[in-house]
>>> print(open('model_11.cif').read())   # mmCIF, C-alpha atoms
data_run
loop_
_atom_site.label_atom_id
_atom_site.label_comp_id
_atom_site.auth_asym_id
_atom_site.auth_seq_id
_atom_site.Cartn_x
_atom_site.Cartn_y
_atom_site.Cartn_z
CA MET B 16 8.39 9.19 25.92
CA LYS B 17 9.66 5.58 25.77
CA ARG B 18 7.68 4.99 22.54
CA THR B 19 9.15 8.16 21.01
CA LEU B 20 12.71 7.20 21.92
CA LEU B 21 12.19 3.70 20.54
CA ALA B 22 10.86 5.10 17.25
CA VAL B 23 13.92 7.39 16.96
CA PHE B 24 16.25 4.48 17.69
CA LEU B 25 14.62 2.26 15.07
CA SER B 26 14.69 5.07 12.51
CA LEU B 27 18.43 5.46 13.00
CA ALA B 28 19.13 1.74 13.19
CA PHE B 29 17.31 0.88 9.98
CA ALA B 30 18.19 3.87 7.81
CA LEU B 31 21.74 2.96 6.79
CA PRO B 32 22.22 2.94 3.00
CA VAL B 33 23.66 -0.04 1.18
CA LEU B 34 26.11 1.40 -1.33
CA ALA B 35 27.32 -1.70 -3.12
CA GLY B 36 26.64 -2.65 -6.74
CA GLU B 37 23.22 -3.07 -8.26
CA ASN B 38 21.41 -2.58 -4.96
CA SER B 39 22.60 1.03 -4.54
CA GLY B 40 18.95 2.13 -4.20
CA MET B 41 18.32 -0.27 -1.32
CA VAL B 42 18.30 0.97 2.26
CA LYS B 43 17.26 -0.53 5.57
CA CYS B 44 14.29 1.25 7.11
CA ALA B 45 12.13 1.09 10.22
CA VAL B 46 8.61 -0.13 9.47
CA ALA B 47 7.10 2.16 12.11
CA GLU B 48 8.70 5.19 10.44
CA LEU B 49 7.46 4.54 6.88
CA HIS B 50 5.12 7.25 5.57
CA PRO B 51 2.10 6.20 3.45
CA THR B 52 1.08 7.98 0.26
CA GLN B 53 -2.53 6.84 0.46
CA ILE B 54 -5.22 6.95 3.13
CA SER B 55 -6.56 3.41 3.14
CA VAL B 56 -5.83 -0.25 2.50
CA GLY B 57 -7.96 -3.38 2.42
CA MET B 58 -7.58 -5.02 5.81
CA ALA B 59 -8.73 -8.38 4.48
CA GLU B 60 -5.67 -8.35 2.24
CA VAL B 61 -3.47 -7.29 5.14
CA LYS B 62 -4.79 -10.29 7.11
CA VAL B 63 -3.76 -12.68 4.34
CA LYS B 64 -0.26 -11.20 4.22
CA LYS B 65 0.05 -11.40 8.01
CA HIS B 66 -0.81 -15.10 7.87
CA LYS B 67 1.94 -15.71 5.30
CA LEU B 68 4.49 -13.71 7.29
CA ARG B 69 3.76 -15.61 10.49
CA LYS B 70 4.42 -18.94 8.76
CA MET B 71 7.97 -17.87 7.84
CA ASP B 72 10.97 -18.74 9.97
CA LYS B 73 13.66 -16.14 10.66
CA ASP B 74 15.72 -16.89 7.55
CA GLU B 75 12.68 -17.04 5.27
CA LEU B 76 11.47 -13.70 6.56
CA LYS B 77 14.88 -12.11 6.09
CA LYS B 78 15.02 -13.32 2.48
CA PHE B 79 11.41 -12.28 1.81
CA LYS B 80 11.98 -8.74 3.03
CA LYS B 81 15.08 -8.34 0.85
CA GLU B 82 13.22 -9.66 -2.20
CA ASN B 83 10.14 -7.53 -1.54
CA PRO B 84 11.39 -4.06 -0.63
CA GLU B 85 9.09 -1.08 -0.13
CA PRO B 86 9.29 1.20 -3.21
CA SER B 87 10.02 4.55 -1.61
CA VAL B 88 10.73 8.20 -2.25
CA LEU B 89 13.07 10.06 0.05
CA GLY B 90 11.10 13.10 1.12
CA PRO B 91 11.63 16.26 3.20
CA GLY B 92 13.35 15.61 6.48
CA GLY B 93 14.90 12.42 5.13
CA LYS B 94 11.66 10.49 5.60
CA TYR B 95 10.74 7.49 3.46
CA TYR B 96 7.40 7.75 1.65
CA ILE B 97 6.27 4.38 0.30
CA VAL B 98 4.56 4.47 -3.11
CA ASP B 99 3.44 0.82 -3.19
CA HIS B 100 3.24 -2.26 -0.95
CA HIS B 101 1.16 -0.47 1.69
CA HIS B 102 -0.58 -3.74 2.57
CA LEU B 103 2.73 -5.47 3.16
CA ALA B 104 4.01 -2.57 5.27
CA ARG B 105 0.91 -2.71 7.45
CA ALA B 106 1.19 -6.50 7.74
CA LEU B 107 4.85 -6.21 8.78
CA TYR B 108 3.91 -3.65 11.40
CA GLU B 109 1.08 -5.77 12.80
CA THR B 110 3.28 -8.86 13.04
CA GLY B 111 5.85 -6.92 15.05
CA VAL B 112 8.57 -6.74 12.40
CA ASP B 113 10.73 -3.72 13.22
CA GLY B 114 12.80 -3.33 10.07
CA THR B 115 12.60 -4.04 6.37
CA TRP B 116 14.13 -2.83 3.10
CA CYS B 117 13.20 0.19 1.03
CA ASN B 118 14.05 0.62 -2.64
CA VAL B 119 14.55 4.37 -3.05
CA ILE B 120 13.34 5.31 -6.53
CA ALA B 121 13.61 9.10 -6.18
CA ASP B 122 15.14 11.68 -3.86
CA TYR B 123 12.95 14.73 -3.22
CA SER B 124 14.39 15.45 0.19
CA GLY B 125 15.37 18.96 -0.87
CA TYR B 126 11.80 19.97 -1.72
CA SER B 127 9.43 21.95 0.48
CA MET B 128 6.43 19.90 1.63
CA SER B 129 4.17 21.71 -0.84
CA ASP B 130 6.52 21.12 -3.77
CA PHE B 131 7.08 17.54 -2.63
CA TRP B 132 3.37 16.66 -2.77
CA ASN B 133 2.97 18.46 -6.09
CA LYS B 134 5.82 16.38 -7.51
CA MET B 135 4.37 13.19 -6.07
CA SER B 136 1.00 14.01 -7.67
CA GLU B 137 2.69 14.72 -11.00
CA ARG B 138 4.30 11.27 -10.88
CA ASN B 139 1.05 9.55 -9.81
CA TRP B 140 2.69 8.49 -6.56
CA VAL B 141 0.00 9.72 -4.17
CA TYR B 142 -3.67 8.81 -3.81
CA PRO B 143 -5.48 11.30 -1.52
CA TYR B 144 -8.88 9.59 -1.48
CA ASP B 145 -10.35 8.33 1.77
CA GLU B 146 -11.68 4.91 2.77
CA ASN B 147 -15.10 5.83 1.38
CA GLY B 148 -13.77 6.87 -2.02
CA HIS B 149 -14.17 10.58 -1.29
CA GLY B 150 -11.59 13.05 -2.50
CA PRO B 151 -9.21 14.32 -3.41
CA MET B 152 -8.59 15.16 0.23
CA SER B 153 -5.94 17.46 1.63
CA TYR B 154 -2.53 15.77 1.74
CA SER B 155 -2.66 16.32 5.50
CA ALA B 156 -5.38 13.64 5.59
CA ILE B 157 -2.83 10.99 4.62
CA PRO B 158 -1.69 9.13 7.76
CA ALA B 159 1.86 9.75 8.90
CA ARG B 160 2.37 6.07 9.80
CA VAL B 161 1.22 2.75 8.31
CA GLU B 162 -0.38 1.87 11.65
CA ASP B 163 -2.97 4.60 11.02
CA LEU B 164 -4.07 3.52 7.54
CA LYS B 165 -7.87 3.20 7.31
CA ASP B 166 -9.78 0.12 6.19
CA ASP B 167 -11.59 0.23 2.84
CA PRO B 168 -13.50 -3.07 2.43
CA TYR B 169 -13.98 -2.31 -1.26
CA ARG B 170 -10.21 -2.20 -1.74
CA SER B 171 -10.10 -5.71 -0.27
CA LEU B 172 -12.91 -6.79 -2.57
CA ALA B 173 -11.09 -5.40 -5.60
CA GLY B 174 -7.93 -7.29 -4.69
CA PHE B 175 -9.73 -10.59 -4.18
CA VAL B 176 -11.72 -10.17 -7.40
CA ARG B 177 -8.49 -9.74 -9.37
CA LYS B 178 -6.99 -12.85 -7.78
CA ALA B 179 -10.18 -14.74 -8.66
CA GLY B 180 -9.71 -13.86 -12.34
CA GLY B 181 -12.02 -10.86 -12.53
CA TYR B 182 -9.50 -8.61 -14.23
CA ASP B 183 -5.83 -8.54 -15.14
CA LYS B 184 -3.01 -6.93 -13.21
CA SER B 185 -2.32 -3.52 -14.72
CA GLN B 186 0.50 -0.99 -14.61
CA THR B 187 -2.07 1.81 -14.38
CA PRO B 188 -1.54 3.63 -11.07
CA PHE B 189 -4.03 2.75 -8.34
CA THR B 190 -5.81 0.14 -10.48
CA GLU B 191 -7.35 -1.62 -7.48
CA PHE B 192 -8.76 1.63 -6.13
CA LYS B 193 -10.43 2.31 -9.47
CA TRP B 194 -12.06 -1.12 -9.29
CA ALA B 195 -12.97 -0.52 -5.64
CA ASP B 196 -14.89 2.59 -6.68
CA PHE B 197 -16.60 0.61 -9.44
CA PHE B 198 -17.84 -1.97 -6.92
CA ARG B 199 -18.72 0.68 -4.34
CA SER B 200 -21.92 1.65 -6.16
CA ARG B 201 -22.87 -1.93 -7.09
CA ILE B 202 -22.28 -4.05 -3.99
CA SER B 203 -23.42 -2.97 -0.53
CA SER B 204 -21.01 -2.74 2.39
CA ARG B 205 -23.45 -4.84 4.45
CA ASP B 206 -23.21 -7.65 1.89
CA ILE B 207 -19.43 -7.48 2.04
CA ALA B 208 -19.54 -7.79 5.82
CA ASP B 209 -22.10 -10.62 5.76
CA ASP B 210 -20.70 -12.80 2.97
CA PHE B 211 -17.40 -11.67 1.51
CA ASP B 212 -16.94 -14.77 -0.66
CA ALA B 213 -20.32 -14.28 -2.33
CA CYS B 214 -19.42 -10.68 -3.03
CA VAL B 215 -16.18 -11.79 -4.68
CA GLU B 216 -18.19 -14.06 -7.00
CA LYS B 217 -20.54 -11.20 -7.80
CA GLY B 218 -17.57 -8.91 -8.30
CA VAL B 219 -16.03 -11.26 -10.87
CA LYS B 220 -19.28 -11.26 -12.85
CA LEU B 221 -19.47 -7.48 -12.70
CA ALA B 222 -15.83 -7.19 -13.74
CA HIS B 223 -16.56 -9.25 -16.85
CA SER B 224 -19.64 -7.21 -17.75
CA PRO B 225 -19.75 -4.36 -20.28
CA GLU B 226 -20.26 -1.99 -17.35
CA ALA B 227 -16.59 -2.41 -16.48
CA ALA B 228 -15.27 -1.66 -19.97
CA GLY B 229 -12.63 1.02 -19.79
CA LEU B 230 -11.30 0.05 -16.37
CA PRO B 231 -7.63 -0.98 -16.29
CA GLY B 232 -7.19 -4.74 -16.68
CA TYR B 233 -10.66 -5.26 -18.12
CA GLN B 234 -10.78 -8.63 -19.88
CA GLY B 235 -13.70 -7.91 -22.18
CA LYS B 236 -15.56 -11.15 -21.43
#
>>> encode(input="model_11.cif", output="structure tokens")
Amino acid sequence: MKRTLLAVFLSLAFALPVLAGENSGMVKCAVAELHPTQISVGMAEVKVKKHKLRKMDKDELKKFKKENPEPSVLGPGGKYYIVDHHHLARALYETGVDGTWCNVIADYSGYSMSDFWNKMSERNWVYPYDENGHGPMSYSAIPARVEDLKDDPYRSLAGFVRKAGGYDKSQTPFTEFKWADFFRSRISSRDIADDFDACVEKGVKLAHSPEAAGLPGYQGK
């Protein structure tokens, strides 16, 4: 009961819209009340973000949150559904940060749940594939809170391979998940667990190979 009351309090405390000027789409929101639009994240990436957050002092964190809002859609019931920055949201939650900023890019609060998810799918704002790459799953399989996001080690691998120069950042929706699925059949999960760095090196080589042609951000090397 105490946890429920606290969640309600935070939801009310951090859901006040900022109406001034160019930031009219910015609202304060409670991290614990953010709704994911995907099933998994890469926990290795979350760990890196947590480390960066913990090094910030109070003022640095406040500025960082304002400059890195959660892109969100206002959904049925006035709930905020984040369409990007899931790793950051999970990192904020795990470091005990109660509130952050959301940048509301669409208001579908008047839709039924069925119509809402259909619209989100139409806009490529939902990814209903599980931590093993299986799907599409029912939208009910998507966690209701960022604390319940599953770990997909291949999503971590894809993120680290991009940062190591394996492929370019792309505007294609869910680029890293597409690369995660590419690596899923080529690098074993045991190898990832045993020697992640070696798998990143192997991933870069695979990303530069003709096998990866056609994937978003492919460099053609």
>>> atom_distance(input="model_11.cif", atom1="atom CA of B:Val161", atom2="atom CA of B:Gly180")
28.7 Å
>>> resolve_selection(input="model_11.cif", expression="the PyMOL selection byres ((chain B and resi 65) around 8)", output="PyMOL selection string")
chain B and resi 61-64+66-69+106-107+109-110
>>> closest_residue(input="model_11.cif", among="B:Ile54, B:Ile207, B:Ala59, B:Cys117", to="B:Ile157", atoms="only C-alpha atoms")
B:Ile54
>>> resolve_selection(input="model_11.cif", expression="the PyMOL selection byres ((chain B and resi 226) around 12)", output="ChimeraX atom specification")
/B:194,197-198,200-201,218,220-225,227-230,233-236
>>> residues_around(input="model_11.cif", residues="B:Arg177", least_positions_apart="3", cutoff="10 Å", atoms="only C-alpha atoms", output="PyMOL selection string")
chain B and resi 172-174+180-184+191+194+215+218-219+222+232
>>> atom_distance(input="model_11.cif", atom1="atom CA of B:Leu76", atom2="atom CA of B:Arg170")
25.9 Å
>>> resolve_selection(input="model_11.cif", expression="the PyMOL selection byres ((chain B and resi 146) around 8)", output="list of chain:residue names")
B:Ile54, B:Ser55, B:Val56, B:Tyr144, B:Asp145, B:Asn147, B:Gly148, B:His149, B:Lys165, B:Asp166, B:Asp167
>>> atom_distance(input="model_11.cif", atom1="atom CA of B:Ala208", atom2="atom CA of B:Pro188")
27.2 Å
>>> residues_around(input="model_11.cif", residues="B:Tyr126", least_positions_apart="5", cutoff="9 Å", atoms="all atoms listed in the file", output="mmCIF file with C-alpha atoms, in the coordinates of the input")
data_model
loop_
_atom_site.group_PDB
_atom_site.id
_atom_site.type_symbol
_atom_site.label_atom_id
_atom_site.label_comp_id
_atom_site.auth_asym_id
_atom_site.auth_seq_id
_atom_site.Cartn_x
_atom_site.Cartn_y
_atom_site.Cartn_z
ATOM 1 C CA GLY B 90 11.100 13.100 1.120
ATOM 2 C CA PRO B 91 11.630 16.260 3.200
ATOM 3 C CA PHE B 131 7.080 17.540 -2.630
#
>>> closest_residue(input="model_11.cif", among="B:Asn139, B:Ser171, B:Ala195, B:Glu85", to="B:Gly114", atoms="only C-alpha atoms")
B:Glu85
>>> residues_around(input="model_11.cif", residues="B:Ile120", least_positions_apart="6", cutoff="12 Å", atoms="all atoms listed in the file", output="list in words")
Asn38, Ser39, Gly40, Met41, Val42, Pro84, Glu85, Pro86, Ser87, Val88, Leu89, Gly90, Tyr95, Tyr96, Ile97, Val98, Asp99, Met135, Arg138 and Trp140 of chain B
>>> closest_residue(input="model_11.cif", among="B:Asp209, B:Gly93, B:Ser185, B:His102", to="B:Ala121", atoms="all atoms listed in the file")
B:Gly93
>>> closest_residue(input="model_11.cif", among="B:Asp212, B:Lys73, B:Asp122, B:Pro151", to="B:Ser136", atoms="all atoms listed in the file")
B:Pro151
>>> closest_residue(input="model_11.cif", among="B:His101, B:Lys217, B:Lys81, B:Lys134", to="B:Val176", atoms="all atoms listed in the file")
B:Lys217
>>> closest_residue(input="model_11.cif", among="B:Arg199, B:Lys80, B:Arg160, B:Lys70", to="B:Gln53", atoms="all atoms listed in the file")
B:Arg160
>>> build_atoms(input="model_11.cif", residues="stretch 106-127 of chain B", atoms="N, CA and C atoms", output="PDB file, in the frame of the given file")
ATOM      1  N   ALA B 106       1.092  -5.132   7.232  1.00  0.00           N
ATOM      2  CA  ALA B 106       1.190  -6.500   7.740  1.00  0.00           C
ATOM      3  C   ALA B 106       2.481  -6.690   8.538  1.00  0.00           C
ATOM      4  N   LEU B 107       3.578  -6.141   8.049  1.00  0.00           N
ATOM      5  CA  LEU B 107       4.850  -6.210   8.780  1.00  0.00           C
ATOM      6  C   LEU B 107       4.717  -5.543  10.136  1.00  0.00           C
ATOM      7  N   TYR B 108       4.085  -4.385  10.144  1.00  0.00           N
ATOM      8  CA  TYR B 108       3.910  -3.650  11.400  1.00  0.00           C
ATOM      9  C   TYR B 108       3.073  -4.468  12.386  1.00  0.00           C
ATOM     10  N   GLU B 109       1.984  -5.048  11.909  1.00  0.00           N
ATOM     11  CA  GLU B 109       1.080  -5.770  12.800  1.00  0.00           C
ATOM     12  C   GLU B 109       1.663  -7.092  13.297  1.00  0.00           C
ATOM     13  N   THR B 110       2.631  -7.627  12.584  1.00  0.00           N
ATOM     14  CA  THR B 110       3.280  -8.860  13.040  1.00  0.00           C
ATOM     15  C   THR B 110       4.508  -8.560  13.897  1.00  0.00           C
ATOM     16  N   GLY B 111       4.761  -7.292  14.162  1.00  0.00           N
ATOM     17  CA  GLY B 111       5.850  -6.920  15.050  1.00  0.00           C
ATOM     18  C   GLY B 111       7.222  -6.903  14.413  1.00  0.00           C
ATOM     19  N   VAL B 112       7.281  -6.813  13.098  1.00  0.00           N
ATOM     20  CA  VAL B 112       8.570  -6.740  12.400  1.00  0.00           C
ATOM     21  C   VAL B 112       9.064  -5.291  12.457  1.00  0.00           C
ATOM     22  N   ASP B 113      10.227  -5.078  13.028  1.00  0.00           N
ATOM     23  CA  ASP B 113      10.730  -3.720  13.220  1.00  0.00           C
ATOM     24  C   ASP B 113      11.310  -3.101  11.951  1.00  0.00           C
ATOM     25  N   GLY B 114      12.103  -3.876  11.225  1.00  0.00           N
ATOM     26  CA  GLY B 114      12.800  -3.330  10.070  1.00  0.00           C
ATOM     27  C   GLY B 114      12.573  -4.100   8.798  1.00  0.00           C
ATOM     28  N   THR B 115      12.698  -3.403   7.674  1.00  0.00           N
ATOM     29  CA  THR B 115      12.600  -4.040   6.370  1.00  0.00           C
ATOM     30  C   THR B 115      13.509  -3.292   5.408  1.00  0.00           C
ATOM     31  N   TRP B 116      13.327  -3.514   4.112  1.00  0.00           N
ATOM     32  CA  TRP B 116      14.130  -2.830   3.100  1.00  0.00           C
ATOM     33  C   TRP B 116      13.263  -1.877   2.290  1.00  0.00           C
ATOM     34  N   CYS B 117      13.843  -0.755   1.940  1.00  0.00           N
ATOM     35  CA  CYS B 117      13.200   0.190   1.030  1.00  0.00           C
ATOM     36  C   CYS B 117      14.047   0.298  -0.236  1.00  0.00           C
ATOM     37  N   ASN B 118      13.377   0.365  -1.370  1.00  0.00           N
ATOM     38  CA  ASN B 118      14.050   0.620  -2.640  1.00  0.00           C
ATOM     39  C   ASN B 118      13.762   2.072  -3.006  1.00  0.00           C
ATOM     40  N   VAL B 119      14.737   2.932  -2.822  1.00  0.00           N
ATOM     41  CA  VAL B 119      14.550   4.370  -3.050  1.00  0.00           C
ATOM     42  C   VAL B 119      14.587   4.649  -4.547  1.00  0.00           C
ATOM     43  N   ILE B 120      13.447   5.089  -5.089  1.00  0.00           N
ATOM     44  CA  ILE B 120      13.340   5.310  -6.530  1.00  0.00           C
ATOM     45  C   ILE B 120      13.455   6.782  -6.902  1.00  0.00           C
ATOM     46  N   ALA B 121      13.434   7.674  -5.918  1.00  0.00           N
ATOM     47  CA  ALA B 121      13.610   9.100  -6.180  1.00  0.00           C
ATOM     48  C   ALA B 121      13.981   9.808  -4.883  1.00  0.00           C
ATOM     49  N   ASP B 122      14.735  10.895  -5.017  1.00  0.00           N
ATOM     50  CA  ASP B 122      15.140  11.680  -3.860  1.00  0.00           C
ATOM     51  C   ASP B 122      14.603  13.097  -3.999  1.00  0.00           C
ATOM     52  N   TYR B 123      13.541  13.390  -3.244  1.00  0.00           N
ATOM     53  CA  TYR B 123      12.950  14.730  -3.220  1.00  0.00           C
ATOM     54  C   TYR B 123      13.120  15.363  -1.856  1.00  0.00           C
ATOM     55  N   SER B 124      14.183  14.981  -1.178  1.00  0.00           N
ATOM     56  CA  SER B 124      14.390  15.450   0.190  1.00  0.00           C
ATOM     57  C   SER B 124      14.676  16.950   0.254  1.00  0.00           C
ATOM     58  N   GLY B 125      15.077  17.533  -0.860  1.00  0.00           N
ATOM     59  CA  GLY B 125      15.370  18.960  -0.870  1.00  0.00           C
ATOM     60  C   GLY B 125      14.164  19.835  -1.158  1.00  0.00           C
ATOM     61  N   TYR B 126      13.014  19.216  -1.387  1.00  0.00           N
ATOM     62  CA  TYR B 126      11.800  19.970  -1.720  1.00  0.00           C
ATOM     63  C   TYR B 126      11.111  20.473  -0.446  1.00  0.00           C
ATOM     64  N   SER B 127      10.352  21.562  -0.582  1.00  0.00           N
ATOM     65  CA  SER B 127       9.430  21.950   0.480  1.00  0.00           C
ATOM     66  C   SER B 127       8.301  20.931   0.495  1.00  0.00           C
TER      67      SER B 127
END
